[in-house]
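Let me begin by presenting the structure, written as structure tokens, before commenting on it.
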Amino acid sequence: MIPQEIADNLKAKFADAILDVKLDGVIDPYARVAPGKIKDVAVFMRDQENMAFDYLMCLSGVDYTGGKLGVVYHLSSMKWNHKFTLKVDVTVENSHVQSVESVWKTANWHEREAFDMIGIVFDGHPDLRRILLPDDWEGYPLRKDYKVPEYYNGMKVPY
Amino acid sequence: MEATLTSLNDTTRRQVLIPGFSRPLEEHEMVINMGPQHPSTHGVLRLELIVDGEIVVDVIPHIGYLHRCFEKHCEHMTNYQQVIPYCDRMDYVAAMNNDHGYAVACEKLLKIKVPERVEYIRVIMAELQRIASHLIAIGTYGMDIGAFTPFLYCFRDRERILDIFEQTCGARLLYNYIWIGGLSHDVPSDFQQKVKDFCKYFRPNIKEVNDLLSYNKIFVERTANVGVLPADVAINYGASGPVLRGSGVKWDLRKNDPYSIYDRFDWEIPVGTGKMGTVGDCWDRYMVRVNEMEQSLRIIEQAVENIPAGDVQSAVPKRIRPDTADLYVRTETPKGELGYYIMADGTTSPYRVKVKGPCFVNLSLLPAISRGSMISDVIAILGSIDIVLGEVDR
């Protein structure tokens, strides 16, 4: 399927959840999805016979600055060998996104990483803990306004 | 007078909760720590095993001991080129492939066409590196299981590859060789002959590996029917590389989503067949690597004959400043699908780089295939996944 057909399919099924679609002028065509609907969209894209997005290539948390955060889902289908991208935007104050862990197990660790690094909270994730950083770490290092702490547990950080 | 020790008679026990384990620990279950300093975890990986006698109930991997803030560093570089040495240090036994992936991504972002000579040399380097990486995987896997000798044979052959790399770019492990738009150096004049000699030398040694290890009775006993990963589970977990192909899925990005010039060569994708046990067991994953070395040799032999003349730095951009865009580019490294999600904001350094490391994803399915196996099988399963912690933790 070409990106246009995928986008049309999504718009036909989720008129109110698809906020924005961009197909030309970008390298990876994408659709922007409401944060509370991402799981429904994901299940639909995975299970629909003509889309069959069975493979979550990557899930990235992004800080867009200005209090805006986002999650980017790169999907591909092994059956049809096509790709599509979904984006979800949230704010720093309300950084809740539905978890897609139950749709693709890949998302389990990737969502933990996005939580760890950017501070996005994935509702419905079975085990949302920090993954790369220690459990008692404060702050979210990949946010653009992150200040490197001078001390960690009373120890001076020399760099 | 007899003391009344009520606390001893108290039968209500404290509930033991383990973060990451779904229920409280039962009375007959025990927690065993494996790592972070354990020879079979291939680096600083800590596994928390919840065991019932000798049977593994669950495995909770704890990663991050080698976290070096790769993604944060990328945002703070003054230009795109400076990221490449950091890419080297992710999967440090397959540095060429990491650089290749990043260079391909940046070239797509900048819309650069790379000279033919560069493409051919890159492919040869990437495939040599794939063999080197698989040799480590095979050698250390044998050692995990208890066979020390194959490790020495594998490292002897790997040395030859590293010698070729050293002659070319001066480094044996972390090369910074593949640049955006080109290469750091042209290859030395006897490079083609050296590579041909290596192919001729190495091909019989694959048979040697098979004789020493692959069909060894003890090795087969330890790996066949252990850690079986069905194809649908592998896909749902996002597995890639030999882990995915070991489950019988014919999926290799060099063929299925070709980049560079991989579509010009004639070679096969080896997959797991369940020859010794079940499709998707540890032996299948191991055997895919052995067979892939053979296929890499085929690619090298075809490429080395046809290296065109040219300047390897003619397309290297003086100033790298892509327009605002974001893209995800995936390439096939020895461990699987390495993806770079790069966001460019019109400045000379990336706004955000996210790396999807194949080891990170492949390791996440360790608990799923270890449940119900013996403790010693966890070692076999972990070795068959072939992780490099530099990439898991980044």
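The way I read the labels, and the way they are meant: chains A, B, ... in the order of the structure tokens, residue 1 as the first residue of every chain, and ligand 1 as the first ligand shown, with later ones counted on from there.
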
If the cut-off is 10 Å, can you tell me the residues of chain A near chain B, counting only C-alpha atoms? I'd like them as a PDB file with C-alpha atoms, in the first residue's frame.
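After the write, iface-v7.pdb holds the following:
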```pdb
ATOM      1  CA  GLY A  25       7.648  17.096   1.371  1.00  0.00           C
ATOM      2  CA  VAL A  26       8.721  14.691   4.121  1.00  0.00           C
ATOM      3  CA  ILE A  27      11.000  11.699   3.850  1.00  0.00           C
ATOM      4  CA  ASP A  28       8.839   9.478   6.050  1.00  0.00           C
ATOM      5  CA  PRO A  29       5.101  10.157   5.561  1.00  0.00           C
ATOM      6  CA  ASP A  54       3.221  -6.453  12.303  1.00  0.00           C
ATOM      7  CA  TYR A  55       6.616  -4.932  13.063  1.00  0.00           C
ATOM      8  CA  LEU A  56       7.340  -1.906  15.233  1.00  0.00           C
ATOM      9  CA  MET A  57      10.731  -0.788  13.990  1.00  0.00           C
ATOM     10  CA  CYS A  58      11.316   2.001  16.449  1.00  0.00           C
ATOM     11  CA  LEU A  59       9.565   4.011  19.121  1.00  0.00           C
ATOM     12  CA  SER A  60      11.208   7.302  19.980  1.00  0.00           C
ATOM     13  CA  GLY A  61      10.441   9.936  22.555  1.00  0.00           C
ATOM     14  CA  VAL A  62      11.180  13.482  21.430  1.00  0.00           C
ATOM     15  CA  ASP A  63      11.344  16.822  23.194  1.00  0.00           C
ATOM     16  CA  TYR A  64      10.183  19.485  20.714  1.00  0.00           C
ATOM     17  CA  VAL A  72       7.200   8.722  17.109  1.00  0.00           C
ATOM     18  CA  HIS A  74       7.949   3.745  12.938  1.00  0.00           C
ATOM     19  CA  MET A  78       6.811  -7.804   6.718  1.00  0.00           C
ATOM     20  CA  ASN A  81       6.967  -4.473   2.874  1.00  0.00           C
ATOM     21  CA  HIS A  82       5.555  -0.996   3.363  1.00  0.00           C
ATOM     22  CA  THR A  85       4.990   6.619  10.738  1.00  0.00           C
ATOM     23  CA  GLU A 101       2.925  -2.744  24.638  1.00  0.00           C
ATOM     24  CA  SER A 102       0.038  -5.153  24.217  1.00  0.00           C
ATOM     25  CA  VAL A 103       0.051  -4.585  20.452  1.00  0.00           C
ATOM     26  CA  TRP A 104       3.772  -4.967  19.810  1.00  0.00           C
ATOM     27  CA  LYS A 105       5.969  -6.345  22.585  1.00  0.00           C
ATOM     28  CA  THR A 106       8.857  -4.335  21.137  1.00  0.00           C
ATOM     29  CA  ALA A 107       7.244  -1.311  22.701  1.00  0.00           C
ATOM     30  CA  ASN A 108       7.838  -2.616  26.213  1.00  0.00           C
ATOM     31  CA  TRP A 109      11.470  -1.610  26.509  1.00  0.00           C
ATOM     32  CA  HIS A 110      11.231   1.284  24.083  1.00  0.00           C
ATOM     33  CA  MET A 117      14.859   9.708  29.067  1.00  0.00           C
ATOM     34  CA  PRO A 126       2.735  -3.335  32.720  1.00  0.00           C
ATOM     35  CA  ASP A 127       6.143  -2.422  34.095  1.00  0.00           C
ATOM     36  CA  LEU A 128       6.961   1.244  33.629  1.00  0.00           C
ATOM     37  CA  ARG A 129      10.306   1.610  35.406  1.00  0.00           C
ATOM     38  CA  ARG A 130      13.483   3.392  34.452  1.00  0.00           C
ATOM     39  CA  ILE A 131      15.566   1.172  32.216  1.00  0.00           C
ATOM     40  CA  LEU A 132      18.953   2.705  31.425  1.00  0.00           C
ATOM     41  CA  LEU A 133      19.346   5.037  34.390  1.00  0.00           C
ATOM     42  CA  PRO A 134      19.323   4.060  38.074  1.00  0.00           C
ATOM     43  CA  PRO A 141      18.126  13.720  30.612  1.00  0.00           C
ATOM     44  CA  LEU A 142      17.014  13.947  27.003  1.00  0.00           C
ATOM     45  CA  ARG A 143      14.795  16.928  27.652  1.00  0.00           C
ATOM     46  CA  LYS A 144      16.297  20.006  26.116  1.00  0.00           C
TER      47      LYS A 144
END
```

So which residues touch Lys39 in chain A within 8 Å, counting only C-alpha atoms, skipping near sequence neighbours fewer than 3 positions away, as a PyMOL selection string?
chain A and resi 36+42-43+98-100+103

Please run DSSP on the backbone and report, as a VMD selection string, all residues within range 168-386 of chain B that come out as alpha helix (DSSP H).
chain B and resid 168 to 169 191 to 209 217 to 223 231 to 236 242 to 246 253 to 256 282 to 305 358 to 363 366 to 370 375 to 385

I'd like to know which residues of range 148-273 of chain B are strand (DSSP E) (by DSSP, run on the backbone); could you write them as a VMD selection string?
chain B and resid 178 to 179 182 to 183

For the residues selected in the previous step, produce a file with C-alpha atoms as a tab-separated table (two decimals), in the first residue's frame.
```
chain	number	residue	atom	x	y	z
B	178	ILE	CA	33.08	5.32	6.87
B	179	TRP	CA	32.34	9.02	6.65
B	182	GLY	CA	32.82	8.89	1.58
B	183	LEU	CA	35.62	7.22	3.48
```

Within 12 Å of range 196-203 of chain B, counting only C-alpha atoms, which residues show up once you throw out same-chain ones fewer than 3 positions away? Write them as a PyMOL selection string, please.
chain B and resi 124+127-128+131-132+135+153-154+156-164+190-193+206-210+290-305

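The nearest approach to His134 in chain B among the residues B:Leu382, B:Val31, B:Ala344, B:Val93, with only C-alpha atoms taken into account, belongs to B:Val93.
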
Minimum-distance residue to Leu10 in chain A, chosen among A:Phe115, A:Met45, A:Asp89, A:Tyr152 (using only C-alpha atoms)
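That would be A:Met45, the residue with the smallest distance to Leu10 in chain A.
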
Excluding Thr91 in chain A and any residue of its chain fewer than 2 positions from it, enumerate the residues within 6 Å of it, using only C-alpha atoms, and give them as a PyMOL selection string.
chain A and resi 67-69+93-95

Could you turn the residues from that selection into a file that holds C-alpha atoms, as a short mmCIF file (atom, residue, chain, number, x, y, z; two decimals), in the first residue's frame?
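The result, stored in selection_39.cif:
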```cif
data_model
loop_
_atom_site.label_atom_id
_atom_site.label_comp_id
_atom_site.auth_asym_id
_atom_site.auth_seq_id
_atom_site.Cartn_x
_atom_site.Cartn_y
_atom_site.Cartn_z
CA GLY A 67 6.82 22.35 26.64
CA LYS A 68 5.93 19.96 23.83
CA LEU A 69 6.92 16.31 23.90
CA GLU A 93 2.28 19.05 32.06
CA ASN A 94 0.21 16.17 30.75
CA SER A 95 2.59 13.68 29.22
#
```

Which neighbours of Lys22 in chain A fall inside 12 Å, counting only C-alpha atoms, when residues of the same chain fewer than 4 positions from it are skipped, and could you give them as a PyMOL selection string?
chain A and resi 3-4+6-8+18+26-33+84-87

Which residues are near range 78-83 of chain B? Cut-off 10 Å, only C-alpha atoms, ignore same chain within fewer than 6 positions. Put them as a VMD selection string.
chain B and resid 70 to 71 99 102 to 103 106 176 179 to 180 317 319 to 322 344 347 to 350 353

Can you tell me which residues surround Phe151 in chain B at a distance of at most 7 Å, considering only C-alpha atoms, apart from same-chain residues fewer than 3 positions away, and format the answer as a PDB file with C-alpha atoms, in the first residue's frame?
```
ATOM      1  CA  GLY B 139      33.654 -18.420  19.555  1.00  0.00           C
ATOM      2  CA  THR B 140      32.283 -16.969  22.748  1.00  0.00           C
ATOM      3  CA  GLY B 142      31.201 -22.176  22.360  1.00  0.00           C
ATOM      4  CA  MET B 143      33.055 -20.938  25.402  1.00  0.00           C
ATOM      5  CA  PHE B 148      37.185 -23.478  24.743  1.00  0.00           C
ATOM      6  CA  CYS B 154      37.691 -18.079  15.619  1.00  0.00           C
ATOM      7  CA  PHE B 155      39.941 -15.382  17.016  1.00  0.00           C
TER       8      PHE B 155
END
```

Expressed in Å to a single decimal, how great is the separation between CA of Ala224 in chain B and CA of Thr278 in chain B?
7.1 Å
